[in-house]
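Dumped data.txt below, it's compact mmCIF, C-alpha atoms:
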# COMPACT_ATOMS: atom_id res chain seq x y z
CA MET A 1 26.91 76.10 38.43
CA LEU A 2 23.83 74.92 36.54
CA ASP A 3 21.83 75.14 39.76
CA GLU A 4 23.05 78.71 40.20
CA LEU A 5 21.72 79.56 36.72
CA GLY A 6 18.47 77.66 37.27
CA ILE A 7 19.11 75.23 34.40
CA SER A 8 18.55 71.50 34.76
CA THR A 9 20.78 68.85 33.20
CA GLU A 10 17.68 67.50 31.44
CA THR A 11 17.19 70.81 29.64
CA LEU A 12 20.82 70.96 28.52
CA GLU A 13 20.66 67.37 27.28
CA PHE A 14 17.55 68.29 25.30
CA ILE A 15 19.40 71.22 23.71
CA ASP A 16 22.44 69.04 22.97
CA LYS A 17 20.20 66.66 21.05
CA GLU A 18 18.55 69.52 19.13
CA GLU A 19 21.95 70.90 18.12
CA GLU A 20 22.88 67.68 16.34
CA SER A 21 20.55 68.52 13.44
CA LEU A 22 21.87 72.07 13.00
CA SER A 23 25.45 71.47 11.85
CA GLU A 24 24.75 72.06 8.14
CA VAL A 25 22.77 75.24 8.79
CA PHE A 26 25.54 76.53 11.08
CA ARG A 27 28.12 75.76 8.39
CA GLU A 28 26.37 78.14 5.97
CA ILE A 29 26.29 80.85 8.64
CA ASP A 30 30.03 80.41 9.15
CA LYS A 31 30.67 80.84 5.41
CA ASN A 32 28.83 84.16 5.44
CA CYS A 33 30.81 85.25 8.50
CA LYS A 34 34.09 84.57 6.70
CA MET A 35 33.00 86.62 3.69
CA ASN A 36 31.95 89.61 5.80
CA SER A 37 35.10 89.37 7.93
CA LEU A 38 37.17 89.58 4.76
CA LYS A 39 35.21 92.67 3.72
CA VAL A 40 35.81 94.44 7.05
CA LEU A 41 39.51 93.63 7.24
CA SER A 42 39.99 94.74 3.64
CA ALA A 43 38.40 98.12 4.48
CA PHE A 44 40.65 98.52 7.55
CA HIS A 45 43.69 97.92 5.34
CA LYS A 46 42.47 100.18 2.53
CA TYR A 47 42.27 103.14 4.91
CA ASN A 48 45.39 102.19 6.89
CA VAL A 49 43.79 102.11 10.33
CA SER A 50 46.32 103.14 12.96
CA GLU A 51 46.34 103.98 16.65
CA GLY A 52 45.95 107.64 15.68
CA PHE A 53 42.37 106.89 14.63
CA PHE A 54 41.52 106.35 18.32
CA ASN A 55 42.32 109.95 19.30
CA SER A 56 39.49 111.97 20.77
CA THR A 57 38.09 115.42 20.08
CA THR A 58 35.95 117.68 22.27
CA GLY A 59 33.94 120.85 21.80
CA TYR A 60 33.09 121.39 18.15
CA GLY A 61 35.09 118.39 16.97
CA TYR A 62 36.78 120.09 14.02
CA ASN A 63 39.31 118.09 12.01
CA ASP A 64 38.61 114.75 13.70
CA PHE A 65 40.88 112.51 11.64
CA GLY A 66 39.59 109.26 13.19
CA ARG A 67 35.91 110.15 12.78
CA ASP A 68 36.33 111.09 9.12
CA ASN A 69 38.17 107.86 8.31
CA ILE A 70 35.70 105.74 10.25
CA GLU A 71 32.99 107.11 7.96
CA LYS A 72 35.04 106.12 4.90
CA ILE A 73 35.47 102.59 6.32
CA PHE A 74 31.74 102.22 6.99
CA ALA A 75 30.96 103.46 3.48
CA GLU A 76 33.35 100.84 2.06
CA VAL A 77 31.88 98.00 4.12
CA LEU A 78 28.30 99.02 3.30
CA ASP A 79 28.94 99.61 -0.43
CA GLY A 80 28.07 103.31 -0.24
CA GLU A 81 29.63 106.47 -1.63
CA ASP A 82 29.75 107.95 1.86
CA ALA A 83 28.55 107.44 5.43
CA LEU A 84 27.62 109.46 8.50
CA VAL A 85 28.62 107.53 11.65
CA ARG A 86 28.05 109.47 14.85
CA SER A 87 27.60 108.99 18.56
CA GLN A 88 25.26 112.00 18.44
CA PHE A 89 22.62 109.63 17.04
CA ILE A 90 20.67 108.37 20.06
CA SER A 91 19.19 105.33 18.32
CA GLY A 92 18.25 103.83 14.99
CA THR A 93 14.90 105.64 15.23
CA HIS A 94 16.75 108.93 15.72
CA ALA A 95 18.91 108.30 12.64
CA LEU A 96 15.80 107.46 10.60
CA THR A 97 14.16 110.65 11.88
CA VAL A 98 17.17 112.76 10.90
CA ALA A 99 17.15 111.20 7.42
CA LEU A 100 13.42 111.72 6.89
CA PHE A 101 13.55 115.37 7.98
CA ALA A 102 16.64 115.88 5.81
CA TYR A 103 15.03 114.62 2.62
CA LEU A 104 11.36 115.59 2.92
CA ARG A 105 9.85 119.08 2.55
CA PRO A 106 6.31 120.47 3.03
CA GLY A 107 4.05 119.05 0.35
CA ASP A 108 6.26 116.02 -0.30
CA THR A 109 4.92 112.48 -0.03
CA MET A 110 6.62 109.64 1.81
CA LEU A 111 5.54 106.14 0.79
CA SER A 112 6.18 103.02 2.85
CA ILE A 113 6.07 99.90 0.67
CA THR A 114 6.36 97.52 3.62
CA GLY A 115 3.13 98.46 5.30
CA LEU A 116 2.98 100.19 8.66
CA PRO A 117 6.46 101.15 9.94
CA TYR A 118 7.87 100.23 13.35
CA ASP A 119 6.00 101.62 16.37
CA THR A 120 8.56 104.28 17.33
CA LEU A 121 8.22 105.95 13.90
CA HIS A 122 4.47 106.49 14.22
CA GLU A 123 4.80 109.84 16.00
CA VAL A 124 7.78 110.80 13.84
CA ILE A 125 5.67 110.43 10.68
CA GLY A 126 2.42 111.62 12.24
CA ILE A 127 0.49 108.36 12.04
CA VAL A 128 0.00 109.05 15.75
CA PRO A 129 -0.50 112.84 16.08
CA ASN A 130 2.49 114.82 17.35
CA ASN A 131 3.14 118.54 16.95
CA SER A 132 6.75 117.84 15.89
CA SER A 133 5.91 115.14 13.32
CA LEU A 134 6.51 115.20 9.58
CA ALA A 135 2.75 115.58 9.14
CA SER A 136 2.77 118.76 11.25
CA PHE A 137 5.19 120.22 8.67
CA GLY A 138 2.93 119.31 5.78
CA VAL A 139 4.63 116.09 4.70
CA LYS A 140 2.14 113.50 3.45
CA TYR A 141 2.33 109.79 4.21
CA ASP A 142 0.92 106.75 2.44
CA GLN A 143 1.68 103.05 2.34
CA VAL A 144 1.45 99.98 0.14
CA ASP A 145 1.01 96.83 2.17
CA LEU A 146 2.90 93.60 1.62
CA ILE A 147 1.14 90.62 0.04
CA ASP A 148 1.93 87.20 1.51
CA ASP A 149 5.18 88.51 3.06
CA ASP A 150 6.41 89.94 -0.22
CA PHE A 151 6.24 93.31 -1.93
CA ASP A 152 3.13 94.21 -3.92
CA TYR A 153 5.23 94.87 -7.01
CA GLU A 154 2.36 95.79 -9.31
CA GLY A 155 0.68 97.85 -6.60
CA ILE A 156 3.89 99.84 -6.07
CA LYS A 157 4.26 100.57 -9.78
CA GLU A 158 0.62 101.57 -10.10
CA TYR A 159 0.91 103.94 -7.14
CA LEU A 160 4.02 105.60 -8.59
CA LYS A 161 2.36 106.05 -11.98
CA ASN A 162 -0.50 107.98 -10.39
CA ASN A 163 1.27 109.88 -7.60
CA LYS A 164 4.41 111.97 -7.18
CA VAL A 165 6.50 110.47 -4.38
CA LYS A 166 9.65 112.06 -2.93
CA LEU A 167 10.82 109.17 -0.76
CA ILE A 168 10.10 105.44 -0.51
CA GLU A 169 10.85 103.73 2.77
CA ILE A 170 11.60 100.01 3.03
CA GLN A 171 11.75 98.44 6.49
CA ARG A 172 13.50 95.11 6.13
CA SER A 173 13.05 93.76 9.66
CA LYS A 174 9.57 92.86 10.82
CA GLY A 175 9.37 95.13 13.85
CA TYR A 176 6.45 94.20 16.11
CA SER A 177 4.46 92.73 13.22
CA THR A 178 3.67 89.16 12.29
CA ARG A 179 5.14 89.39 8.77
CA LYS A 180 8.44 87.93 7.65
CA SER A 181 11.57 90.05 7.39
CA LEU A 182 12.65 90.83 3.84
CA THR A 183 15.70 89.26 2.21
CA ILE A 184 18.05 91.29 0.05
CA ASP A 185 16.82 89.44 -3.07
CA LYS A 186 13.27 90.70 -2.48
CA VAL A 187 14.56 94.22 -1.83
CA GLU A 188 16.51 94.11 -5.11
CA LYS A 189 13.41 93.01 -7.02
CA ALA A 190 11.37 95.83 -5.45
CA ILE A 191 13.98 98.45 -6.33
CA LYS A 192 14.02 97.27 -9.95
CA ALA A 193 10.21 97.57 -10.06
CA ILE A 194 10.40 101.11 -8.66
CA ARG A 195 13.04 102.21 -11.17
CA GLU A 196 10.90 100.98 -14.06
CA VAL A 197 8.51 103.80 -13.19
CA ASP A 198 10.49 106.46 -11.30
CA SER A 199 14.22 107.07 -11.65
CA GLU A 200 14.35 110.00 -9.22
CA VAL A 201 12.47 108.92 -6.09
CA ILE A 202 14.74 108.46 -3.05
CA ILE A 203 14.77 104.83 -1.92
CA MET A 204 15.64 104.62 1.78
CA VAL A 205 16.13 101.28 3.56
CA ASP A 206 15.77 100.79 7.30
CA ASN A 207 18.44 98.11 7.66
CA CYS A 208 18.29 97.68 11.45
CA TYR A 209 18.99 94.07 12.56
CA CYS A 210 20.02 93.07 9.03
CA GLU A 211 23.68 94.02 8.63
CA PHE A 212 26.04 91.08 7.92
CA VAL A 213 23.17 88.57 7.95
CA GLU A 214 23.66 88.32 4.18
CA SER A 215 26.71 89.14 2.07
CA LYS A 216 25.00 91.85 -0.04
CA THR A 217 23.79 95.25 1.18
CA PRO A 218 20.76 97.29 0.05
CA LEU A 219 23.11 99.89 -1.46
CA ILE A 220 24.73 97.43 -3.84
CA VAL A 221 21.31 96.42 -5.18
CA GLY A 222 20.22 99.98 -5.90
CA ALA A 223 19.02 101.69 -2.71
CA ASP A 224 20.00 105.36 -2.38
CA ILE A 225 20.39 105.46 1.38
CA MET A 226 20.32 103.03 4.31
CA VAL A 227 20.11 103.52 8.05
CA GLY A 228 21.05 101.40 11.06
CA SER A 229 22.01 101.42 14.72
CA LEU A 230 25.40 100.77 16.32
CA ILE A 231 23.84 99.07 19.35
CA LYS A 232 22.58 96.46 16.95
CA ASN A 233 24.61 94.45 14.43
CA LEU A 234 27.40 96.79 13.30
CA GLY A 235 28.43 97.83 16.81
CA GLY A 236 29.46 94.28 17.62
CA GLY A 237 28.35 94.69 21.24
CA ILE A 238 31.22 97.12 21.84
CA ALA A 239 30.02 100.49 20.51
CA PRO A 240 28.20 102.11 23.47
CA ASN A 241 25.77 104.10 21.31
CA GLY A 242 25.37 105.71 17.91
CA ALA A 243 23.99 104.96 14.45
CA TYR A 244 24.85 105.43 10.79
CA ILE A 245 23.38 106.76 7.56
CA ALA A 246 25.14 105.50 4.42
CA GLY A 247 24.65 105.82 0.68
CA LYS A 248 24.84 108.57 -1.92
CA LYS A 249 27.16 111.37 -0.86
CA GLU A 250 24.69 114.20 -1.50
CA LEU A 251 22.10 112.49 0.71
CA VAL A 252 24.62 111.72 3.46
CA ASP A 253 25.67 115.39 3.43
CA LEU A 254 22.04 116.51 3.75
CA ALA A 255 21.61 114.22 6.75
CA GLY A 256 24.76 115.72 8.30
CA GLU A 257 23.33 119.23 7.99
CA ARG A 258 20.11 118.10 9.65
CA LEU A 259 21.96 116.30 12.48
CA THR A 260 24.03 119.39 13.33
CA CYS A 261 23.13 122.61 11.50
CA PRO A 262 23.14 124.02 7.97
CA GLY A 263 26.51 125.38 7.01
CA GLU A 264 28.45 123.24 9.50
CA GLY A 265 27.06 119.78 8.82
CA ARG A 266 29.57 116.98 9.10
CA GLU A 267 32.52 119.24 9.92
CA VAL A 268 31.44 119.30 13.56
CA GLY A 269 30.66 116.60 16.09
CA PRO A 270 33.20 115.64 18.77
CA THR A 271 33.95 111.94 19.20
CA LEU A 272 34.70 112.14 22.95
CA GLY A 273 36.82 108.99 22.91
CA ILE A 274 34.37 106.68 21.11
CA ASN A 275 36.40 106.02 17.95
CA LYS A 276 38.17 102.92 19.23
CA SER A 277 34.89 101.36 20.38
CA ILE A 278 33.22 101.98 17.01
CA LEU A 279 36.14 100.49 15.06
CA GLN A 280 36.56 97.53 17.38
CA GLY A 281 32.81 96.90 17.31
CA LEU A 282 32.80 96.88 13.51
CA PHE A 283 35.80 94.53 13.54
CA PHE A 284 33.95 92.02 15.74
CA ALA A 285 30.56 92.51 14.09
CA PRO A 286 30.69 89.67 11.51
CA SER A 287 31.48 87.14 14.24
CA VAL A 288 28.94 88.56 16.69
CA VAL A 289 26.19 88.55 14.06
CA CYS A 290 27.13 84.93 13.30
CA SER A 291 26.65 84.05 17.00
CA ALA A 292 23.34 85.89 17.12
CA MET A 293 22.07 84.00 14.08
CA LYS A 294 23.10 80.65 15.53
CA THR A 295 21.32 81.54 18.77
CA ALA A 296 18.18 82.42 16.80
CA ILE A 297 18.36 79.18 14.79
CA LEU A 298 18.74 77.10 17.94
CA THR A 299 15.80 78.93 19.51
CA SER A 300 13.65 78.25 16.47
CA LYS A 301 14.45 74.52 16.45
CA VAL A 302 14.00 74.02 20.19
CA LEU A 303 10.79 76.03 20.59
CA GLU A 304 9.16 74.47 17.54
CA ASP A 305 9.91 71.00 18.88
CA MET A 306 8.34 72.09 22.16
CA GLY A 307 5.09 72.75 20.28
CA TYR A 308 5.23 76.52 19.70
CA ASN A 309 4.86 78.32 16.39
CA VAL A 310 8.06 80.03 15.31
CA GLU A 311 9.11 82.36 12.49
CA PRO A 312 11.44 81.94 10.75
CA LYS A 313 11.88 78.17 10.88
CA TYR A 314 15.36 76.98 11.79
CA ASN A 315 16.27 76.15 8.17
CA ASP A 316 14.64 79.19 6.51
CA CYS A 317 16.64 81.83 4.65
CA ARG A 318 17.13 84.72 7.10
CA ALA A 319 17.14 88.46 6.56
CA ASP A 320 17.83 89.61 10.14
CA ILE A 321 18.81 88.38 13.61
CA VAL A 322 15.26 88.45 14.99
CA GLN A 323 13.50 85.24 16.01
CA ASN A 324 9.74 85.21 16.61
CA ILE A 325 8.15 82.79 19.05
CA ILE A 326 4.36 82.88 18.84
CA PHE A 327 3.09 81.82 22.25
CA GLY A 328 -0.62 82.50 21.81
CA ASN A 329 -1.01 83.53 25.44
CA GLU A 330 0.35 86.22 27.74
CA GLU A 331 1.57 83.88 30.49
CA ASP A 332 4.06 81.96 28.34
CA LEU A 333 5.31 85.14 26.70
CA VAL A 334 6.03 86.69 30.09
CA LYS A 335 7.67 83.53 31.42
CA TYR A 336 9.97 83.23 28.43
CA VAL A 337 11.10 86.86 28.52
CA GLN A 338 11.69 86.61 32.26
CA GLY A 339 13.83 83.52 31.62
CA ILE A 340 16.03 85.41 29.15
CA GLN A 341 16.52 88.13 31.77
CA ALA A 342 17.42 85.54 34.41
CA ALA A 343 20.29 84.28 32.22
CA SER A 344 21.62 87.77 31.45
CA PRO A 345 25.04 88.90 32.67
CA ILE A 346 23.61 92.19 33.98
CA ASP A 347 20.59 92.55 36.29
CA SER A 348 19.87 88.83 36.23
CA ASN A 349 17.99 89.22 39.52
CA SER A 350 15.53 91.69 38.00
CA LEU A 351 12.06 90.48 37.01
CA PRO A 352 10.73 92.12 33.83
CA MET A 353 7.05 93.02 33.87
CA PRO A 354 4.81 94.48 31.14
CA TRP A 355 4.78 98.28 31.27
CA ASP A 356 3.99 101.39 29.25
CA MET A 357 7.02 102.48 27.20
CA PRO A 358 7.46 105.79 25.34
CA GLY A 359 6.75 105.35 21.62
CA TYR A 360 4.69 102.15 21.97
CA GLU A 361 0.93 101.85 21.90
CA ASP A 362 0.69 98.60 23.91
CA LYS A 363 2.36 97.56 27.12
CA VAL A 364 5.70 95.89 26.41
CA ILE A 365 7.69 93.31 28.34
CA MET A 366 11.41 93.52 27.75
CA ALA A 367 14.40 91.49 28.88
CA ALA A 368 17.53 93.56 28.42
CA GLY A 369 20.26 92.47 30.83
CA ALA A 370 22.90 94.05 28.62
CA PHE A 371 26.21 95.84 29.08
CA THR A 372 24.82 98.64 26.89
CA GLN A 373 21.32 99.86 27.69
CA GLY A 374 18.89 98.82 24.96
CA SER A 375 21.53 96.86 23.02
CA SER A 376 19.74 94.26 20.93
CA ILE A 377 22.87 92.64 19.52
CA GLU A 378 23.24 91.34 23.07
CA LEU A 379 20.77 88.55 23.89
CA SER A 380 17.42 90.16 24.53
CA ALA A 381 13.74 89.40 24.11
CA ASP A 382 10.71 91.61 24.16
CA GLY A 383 7.15 91.77 22.94
CA PRO A 384 3.97 93.83 23.10
CA ILE A 385 1.20 92.50 25.30
CA ARG A 386 -1.27 91.88 22.52
CA ALA A 387 -2.46 88.85 20.56
CA PRO A 388 -0.93 86.62 19.28
CA TYR A 389 1.61 87.24 22.10
CA ILE A 390 4.90 87.06 20.23
CA ALA A 391 8.36 87.17 21.79
CA TYR A 392 10.84 88.95 19.53
CA GLN A 393 14.24 87.57 20.46
CA GLN A 394 17.49 88.89 19.06
CA GLY A 395 21.20 88.96 19.72
CA GLY A 396 23.79 86.85 21.48
CA LEU A 397 27.37 88.16 21.70
CA THR A 398 28.60 84.58 21.65
CA TYR A 399 26.71 81.46 20.73
CA GLU A 400 27.72 79.81 24.01
CA TYR A 401 26.09 82.56 26.09
CA GLY A 402 23.10 82.62 23.76
CA ARG A 403 22.67 78.89 24.22
CA LEU A 404 22.61 79.26 27.99
CA GLY A 405 20.05 82.05 27.70
CA VAL A 406 17.74 79.89 25.63
CA ALA A 407 18.17 77.02 28.09
CA ARG A 408 17.17 79.24 31.03
CA ALA A 409 14.15 80.61 29.15
CA ILE A 410 12.77 77.19 28.22
CA GLU A 411 13.39 76.06 31.81
CA ASN A 412 10.97 78.80 32.82
CA LEU A 413 8.39 77.48 30.36
CA ARG A 414 8.80 73.90 31.57
CA LYS A 415 8.27 74.93 35.17
Produce structure tokens that represent the structure in this file.
Amino acid sequence: MLDELGISTETLEFIDKEEESLSEVFREIDKNCKMNSLKVLSAFHKYNVSEGFFNSTTGYGYNDFGRDNIEKIFAEVLDGEDALVRSQFISGTHALTVALFAYLRPGDTMLSITGLPYDTLHEVIGIVPNNSSLASFGVKYDQVDLIDDDFDYEGIKEYLKNNKVKLIEIQRSKGYSTRKSLTIDKVEKAIKAIREVDSEVIIMVDNCYCEFVESKTPLIVGADIMVGSLIKNLGGGIAPNGAYIAGKKELVDLAGERLTCPGEGREVGPTLGINKSILQGLFFAPSVVCSAMKTAILTSKVLEDMGYNVEPKYNDCRADIVQNIIFGNEEDLVKYVQGIQAASPIDSNSLPMPWDMPGYEDKVIMAAGAFTQGSSIELSADGPIRAPYIAYQQGGLTYEYGRLGVARAIENLRK
């Protein structure tokens, strides 16, 4: 069976040895999983989840009992007043776009305090020109860069003293950058700094890849609204698509009117049989995120001991499920990503190659042998073909499958 997967016994023995030093780190991950599992189960009980929640609606989707209660459950789990959880969201980027267009008006200013946002938002904002961008509607954009992987607290306060800002965006995960992802403690400190100067500005957190990695959410530390994808952490590898917007009720309602249409808002939106998958995905999510984190930690330990630069280190405090491997050359990056694909359950015989993808400025190589297209809670790895040639690995539905994926990828490097 190892021969079939292209993994040598020597490689597995190497991984076995590496695992021996990870027991204490894994124990802390398990504690967090137990806390988040308790939170989810408590929410299920509070709203008396029953088989009736799984019923489907079509057409306009009026009076969808399951959908409305799912949104209450998500709000409870995420510490928000309300939540919008819909399959009509195509991706996390789409949900972020809906939120931005819901809250910003011509003449308003949007400020990113985590530097340049993720690549797929560039045309949404107008950093890269697009006739449908926020900039084309007269919305202004500015940014305050991070300093040494932390917020420029004084720079943020100074900017707010001298400029009227409608919305501040915080992207916790690193995206395709070389910075570190931002822990909830840093986010809390930044929000306190903002509120010292401006009590009205909308603070929106892009929480993609971060849910259930820590026990606290951005909403409980003062954010107004947060956004994430269901084919990442909270979908548990079961939700086939969708995303969420959670936080203050008035802001969630505005997003609902932008997703559908003014006057109908959240009252419409058929679920088409997805309710069970969303609830079951949320139920499994704490455990799946735990597996993804263990896979990332193992990857960090193994690849660092093989001589590569990694971020975060295996024993660092983590904010998301993403593991960076800095290869320094295109060949190793491509080999590693191809190895992840070769260990995937779906399309394992496909060979990923760098190609031009919509929304990205560089060619990207992407391993995504997943049950759900583009699902990054399932083991995947990708990276832009540009220096310093970083693989961004995330996911792992179970640690055991994640472990095999890492073994196959490093086998590719050793060859």
Pick out the residues sitting within 12 Å of Arg318 of chain A, and hand them over as a count of residues only; count all atoms listed in the file, and ignore anything fewer than 4 positions along from it in its own chain. 34
Can you tell me how far atom CA of Lys189 of chain A sits from atom CA of Asp79 of chain A, in Å to one decimal?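 Computing the Euclidean distance for atom CA of Lys189 of chain A and atom CA of Asp79 of chain A yields 18.1 Å.
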Name the closest residue to Ser375 of chain A among the candidates A:Ser287, A:Pro117, A:Ile90, A:Asp224; distances are taken between atoms, counting all atoms listed in the file.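 Of the candidates, the smallest distance to Ser375 of chain A is held by A:Ile90.
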So how many Å separate atom CA of Leu397 of chain A and atom CA of Ser291 of chain A, to one decimal?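 That distance, rounded to one decimal, is 6.3 Å.
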May I ask which of the residues A:Pro352, A:Gly328, A:Pro240, A:Gly395 is the closest one to Phe371 of chain A, counting only C-alpha atoms?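 The closest residue to Phe371 of chain A is A:Pro240.
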Atomic distance atom CA of Ile220 of chain A - atom CA of Val144 of chain A, expressed in Å with one decimal: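 Interatomic distance, atom CA of Ile220 of chain A to atom CA of Val144 of chain A: 23.8 Å.
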Give me, as a ChimeraX atom specification, all polymer residues having an atom no more than 6 Å from Met110 of chain A, counting only C-alpha atoms and skipping those fewer than 2 positions away in the same chain. /A:141,167-168
I'd like to know which of A:Glu188, A:Glu250, A:Asp356, A:Asp68 is closest to Ile202 of chain A, using only C-alpha atoms.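 Checking each of A:Glu188, A:Glu250, A:Asp356, A:Asp68 against Ile202 of chain A, counting only C-alpha atoms, the winner is A:Glu250.
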Of the residues A:Ala387, A:Ile340, A:Ile203, A:Val406, which is the one nearest to Val302 of chain A, using all atoms listed in the file? A:Val406
Considering all atoms listed in the file, state which residue in the set A:Ile326, A:Thr299, A:Gly307, A:Gly339 is at the smallest distance from Gln394 of chain A.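 Between A:Ile326, A:Thr299, A:Gly307, A:Gly339, the residue approaching Gln394 of chain A most closely is A:Thr299.
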Residues at most 10 Å from Leu111 of chain A, counting all atoms listed in the file, excluding those fewer than 4 positions away in the same chain, as a compact mmCIF listing (two decimals) with C-alpha atoms, keeping the file's coordinate frame?
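Full text of around10.txt as output:
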# COMPACT_ATOMS: atom_id res chain seq x y z
CA GLY A 115 3.13 98.46 5.30
CA LYS A 140 2.14 113.50 3.45
CA TYR A 141 2.33 109.79 4.21
CA ASP A 142 0.92 106.75 2.44
CA GLN A 143 1.68 103.05 2.34
CA VAL A 144 1.45 99.98 0.14
CA ILE A 156 3.89 99.84 -6.07
CA TYR A 159 0.91 103.94 -7.14
CA LEU A 160 4.02 105.60 -8.59
CA LYS A 164 4.41 111.97 -7.18
CA VAL A 165 6.50 110.47 -4.38
CA LYS A 166 9.65 112.06 -2.93
CA LEU A 167 10.82 109.17 -0.76
CA ILE A 168 10.10 105.44 -0.51
CA GLU A 169 10.85 103.73 2.77
CA ILE A 170 11.60 100.01 3.03
CA ILE A 203 14.77 104.83 -1.92
Test item: residues at most 7 Å from Leu230 of chain A, all atoms listed in the file, excluding those fewer than 5 positions along its chain, as a PyMOL selection string: chain A and resi 235+239+241-243
Closest of A:Gly405, A:Pro384, A:Gly107, A:Pro286 to Gly237 of chain A - atom-to-atom distances counting only C-alpha atoms: A:Pro286
Just want the 10 Å neighbourhood of segment 261-270 of chain A, counted on only C-alpha atoms, with same-chain residues fewer than 2 positions away dropped. Output as a ChimeraX atom specification. /A:56-64,67-68,84-88,252-259,272-274
So that all listed atoms of segment 259-271 of chain A fit with 3 Å spare on each side, what axis-aligned box centre and edge lengths in Å, to one decimal, would you give as JSON?
{"center_x": 28.0, "center_y": 118.7, "center_z": 13.1, "size_x": 18.0, "size_y": 19.4, "size_z": 18.2}
